[in-house]
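Down below is the structure, laid out as structure tokens.
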Amino acid sequence: MAQQERVDWWAASASRPRVVAQRRSAEAEVPPTEERVGGAVYRSVQDSEAFQEIRRGYRSFVFPACAGFLAWYLLFVTAQAFMPDLLGRRIAGPLNVAWALGLGQFASTFLLTWLYARNARTKRDRAALELRWDTQDQLR
Amino acid sequence: MTHHPNHGLAVALFAVVVAVTLTITVWVGRRGHAAEDFFAGGRDFSPLQNGFALSGDYLSAASFLGVTGLIALYGYDGVLYSIGFLVAWLVVLMLVSELVRNAGRYTLADVLALRMRQRPVRAAAGLSSMVVTLMYLIAQMVGAGSLVALLLNTNSGAAKAWTIIAVGALMIVYVTVGGMRATTWIQIVKAFLLVGGSVLLTVLVLARFHGDLGALMETAARRSGEGEKYLQPGLNYGSGVISRLDFVSLGLALVLGTGGLPHILSRFYTVPTARAARRSTMWAIGLIGSFYLMAIVLGLGAGAVVGGHDLRAANSAGNTAVPLLALDLGGGDGSTWGLLLFAVISAIAFATILAVVAGLTLASSAAFAHDLYARALRRENGRQVSEREEVIAARVSAVVIGGLAIVLSLYAQRLNVAFLVGLAFAVAASANLPTLLYSLFWKRFSTRGAVWSVYGGLVPAVVLVLFSPVVSGTKTSVIPGMDFHWFPLENPGLVSIPLGFLAGWLGTLLDREPADEDGYAELEVRALTGAGAA
């Protein structure tokens, strides 16, 4: 993984001159013709199978995951407000349901962070980087 | 008052904190004077560094002193705050950090401007960013005033006022001289100190209870004077329907607000790639999560070791729980170790405040210079503002914003710090987050939708607060003598966040101008692949 990271860094620094050149042209309010060329490139990349794959990989993980943790958090918060008796029930020693759920929120946050990172690393990082260079070559 | 520690050592350490941060500012500020350096720190920080800086920006005095104090006094109900603050980072990690890093350059409005007509959306997003940061800034400075006054054992208004002025002056120096690079290094040093101090105290608390967390919880419950209720929900938030709804409202604002905080968003521009942005968010989640877990131990420790009675006697809101805990753990008042530990923890709290206000001022001046001054306030075909002029405008506006924050804070000293922070989160969640999410994920979203979504969240949030019990109608209100409140909740999030989303949707439906499809293609490709990213 450390190696992958290094590859990524190199890629980023290698891209510098190109990015700077592009930024200058953006600064100078790109004339309409050139803008249309850029727009066409982005449209064609957006329609490409490679990009659709990356977007599917991203959205199919992130949307359900976000819906899941938001529902779990809101359930937790509303339970505090409207079911305090249930949450006050003891489980073991001084630990009651409320504390167990609260610590569960910590655990689920750490778990989801790890799952998301793994998904991004295995499902889309490499493809996204390749598409980045392809797109920037087309834009030149 | 039971505790009268000698504060000479604490004052000396405060001076050391100021000296070290100023040295960093001058030293680091000499490198690089381009806009990229000033607003984004040269974009060459590592994920680990930025992870620490994110934690430094996020863990304000409200967390280190406020949350631990709430846990010490109210047990379980205090823990709830920390959970909202942490879970919010999942929104940042999955929906915001990488995409914003790729799509923008310095501010939130950059992302919107990629696919919208830039002047109206920059005006709206720039304005709401300034409102959010200013509220947050006032909260921190009011907190600084009362904190330093408490730590120095003077409760005079003059001491608080001078503290606010001094903190304001320092933050202006950090930002104008050092820009983003110095601000980032100050955050890193501060986060390191904060985590280090928390680990030290946590180990001492655990050692005191021989590692028995059950005994810690039971002792804290017994000494709080509340018994069993201390470990159950409801001690702080009460049981009425309104107070429960208020609690849900706050919970919603906390979890959705973080992703719209301008000073957090601008942090992602200090790393070179989206991958680095993701990794820095992961570091931040690890650091912030560990910090809040330790905060639970510290809060319970303060409740168990110092005791609810003495904590309330020192500060009724519990804001001095951690310094008092340090004093007792070191051997109590009069012992060398006790005083040393007290001074060190107080100095860390002070460093925390200084770092957070610097980050906020920088984000606010970037929103003004980059979005409003250089773009929204220009004619469509007028002269372009050069990068150099933009940086000068940012430096000048940092001085003006700092001055404004000082003046407002002097008048806002009666306001509750936690409430102001909660309000800043509510505005960020109502005005900034809906626009950002719609822009990133909704193909049809249009310029009018973006503008409506910002104002449709910002205006209700601010108006509802003006007509809430916070401003008038109760003994603890800002204007206690008058009563013009009709909105029952203290936190507007429950109403204003859905309104922000609704306004964005409605504005898009009613916009005759269709969405810019080329713009959306560019935004989407750029956000997910990094092609053409700054």
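By order in the structure tokens, chains are A, B, ...; within a chain, residues start at 1; ligands start at 1, following the order shown.
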
Excluding Thr68 in chain B and any residue of its chain fewer than 4 positions from it, enumerate the residues within 9 Å of it, using only C-alpha atoms, and give them as a list of chain:residue names. B:Ala62, B:Ser63, B:Phe64, B:Ala72, B:Leu73, B:Gly78, B:Val79, B:Tyr292, B:Ala295, B:Ile296, B:Val297, B:Leu298, B:Gly299, B:Leu300, B:Ala302, B:Gly318, B:Asn319, B:Ala321, B:Val322

Can you pull out every residue within 6 Å of range 127-143 of chain B, counting only C-alpha atoms, but drop anything in the same chain fewer than 4 positions away, and send it as JSON, numbers by chain? {"B": [123, 147, 164, 262, 357, 360, 364, 405, 409, 413, 417, 420, 421, 424]}

Return as a ChimeraX atom specification the residues belonging to chain B that are within 8 Å of chain A, counting only C-alpha atoms. /B:76,79-80,83,86-87,90-91,93-95,214,217-218,231-234,239,244-245,247-248,251-252,272-273,275,278,282,285-286,289,518-519,521-522,524-525,528-534

Pull the closest atom pair for each residue of range 413-478 of chain B that gets at most 10 Å from range 486-496 of chain B, along with the distance in Å to one decimal, counting only C-alpha atoms, ordering rows by chain and then ascending residue number, as JSON lines.
```
{"residue": "B:Phe419", "atom": "CA", "partner": "B:Asn491", "partner_atom": "CA", "distance": 8.0}
{"residue": "B:Leu420", "atom": "CA", "partner": "B:Asn491", "partner_atom": "CA", "distance": 9.7}
{"residue": "B:Gly422", "atom": "CA", "partner": "B:Asn491", "partner_atom": "CA", "distance": 7.1}
{"residue": "B:Leu423", "atom": "CA", "partner": "B:Asn491", "partner_atom": "CA", "distance": 6.5}
{"residue": "B:Phe425", "atom": "CA", "partner": "B:Gly493", "partner_atom": "CA", "distance": 8.5}
{"residue": "B:Ala426", "atom": "CA", "partner": "B:Gly493", "partner_atom": "CA", "distance": 5.1}
{"residue": "B:Val427", "atom": "CA", "partner": "B:Gly493", "partner_atom": "CA", "distance": 7.7}
{"residue": "B:Ala428", "atom": "CA", "partner": "B:Gly493", "partner_atom": "CA", "distance": 9.7}
{"residue": "B:Ala429", "atom": "CA", "partner": "B:Gly493", "partner_atom": "CA", "distance": 7.6}
{"residue": "B:Ser430", "atom": "CA", "partner": "B:Ser496", "partner_atom": "CA", "distance": 5.7}
{"residue": "B:Ala431", "atom": "CA", "partner": "B:Ser496", "partner_atom": "CA", "distance": 8.6}
{"residue": "B:Gly456", "atom": "CA", "partner": "B:Ser496", "partner_atom": "CA", "distance": 8.0}
{"residue": "B:Gly457", "atom": "CA", "partner": "B:Ser496", "partner_atom": "CA", "distance": 5.5}
{"residue": "B:Leu458", "atom": "CA", "partner": "B:Ser496", "partner_atom": "CA", "distance": 7.8}
{"residue": "B:Val459", "atom": "CA", "partner": "B:Ser496", "partner_atom": "CA", "distance": 8.5}
{"residue": "B:Pro460", "atom": "CA", "partner": "B:Ser496", "partner_atom": "CA", "distance": 5.6}
{"residue": "B:Ala461", "atom": "CA", "partner": "B:Ser496", "partner_atom": "CA", "distance": 5.3}
{"residue": "B:Val462", "atom": "CA", "partner": "B:Pro492", "partner_atom": "CA", "distance": 8.2}
{"residue": "B:Val463", "atom": "CA", "partner": "B:Pro492", "partner_atom": "CA", "distance": 9.0}
{"residue": "B:Leu464", "atom": "CA", "partner": "B:Pro492", "partner_atom": "CA", "distance": 6.1}
{"residue": "B:Val465", "atom": "CA", "partner": "B:Pro492", "partner_atom": "CA", "distance": 6.4}
{"residue": "B:Leu466", "atom": "CA", "partner": "B:Phe487", "partner_atom": "CA", "distance": 8.9}
{"residue": "B:Phe467", "atom": "CA", "partner": "B:Phe487", "partner_atom": "CA", "distance": 5.7}
{"residue": "B:Ser468", "atom": "CA", "partner": "B:Phe487", "partner_atom": "CA", "distance": 4.9}
{"residue": "B:Pro469", "atom": "CA", "partner": "B:Glu490", "partner_atom": "CA", "distance": 6.3}
{"residue": "B:Val470", "atom": "CA", "partner": "B:Glu490", "partner_atom": "CA", "distance": 5.9}
{"residue": "B:Val471", "atom": "CA", "partner": "B:Glu490", "partner_atom": "CA", "distance": 9.1}
{"residue": "B:Ser472", "atom": "CA", "partner": "B:Trp486", "partner_atom": "CA", "distance": 9.6}
{"residue": "B:Gly473", "atom": "CA", "partner": "B:Trp486", "partner_atom": "CA", "distance": 9.2}
```

Quick one: residues within 12 Å of Met294 in chain B, only C-alpha atoms counted, chain neighbours fewer than 5 positions away excluded, as a VMD selection string? chain B and resid 63 to 64 67 to 68 71 79 82 194 to 206 287 to 289 299 to 301 322

Next, the residues of the selection above should be written as a tab-separated table (two decimals), in the first residue's frame with C-alpha atoms.
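Contents of the output file selection14.tsv:
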```tsv
chain	number	residue	atom	x	y	z
B	63	SER	CA	-14.64	20.02	22.84
B	64	PHE	CA	-11.67	20.07	25.20
B	67	VAL	CA	-17.82	18.52	26.22
B	68	THR	CA	-15.66	17.13	29.04
B	71	ILE	CA	-19.83	14.77	30.72
B	79	VAL	CA	-21.42	11.95	25.72
B	82	SER	CA	-19.24	13.98	21.20
B	194	LEU	CA	-4.06	18.35	22.71
B	195	VAL	CA	-3.88	14.63	22.01
B	196	GLY	CA	-0.71	14.29	24.10
B	197	GLY	CA	-2.26	16.08	27.07
B	198	SER	CA	-5.42	13.97	26.80
B	199	VAL	CA	-3.46	10.71	26.67
B	200	LEU	CA	-1.48	11.72	29.75
B	201	LEU	CA	-4.57	12.59	31.78
B	202	THR	CA	-6.46	9.50	30.57
B	203	VAL	CA	-3.61	7.25	31.71
B	204	LEU	CA	-3.54	8.98	35.09
B	205	VAL	CA	-7.32	8.60	35.53
B	206	LEU	CA	-7.22	4.93	34.56
B	287	LEU	CA	-7.60	11.24	16.03
B	288	ILE	CA	-10.98	12.85	16.70
B	289	GLY	CA	-12.60	9.53	17.62
B	299	GLY	CA	-15.22	13.82	32.00
B	300	LEU	CA	-16.10	10.84	34.17
B	301	GLY	CA	-12.71	11.19	35.86
B	322	VAL	CA	-10.34	19.24	32.90
```
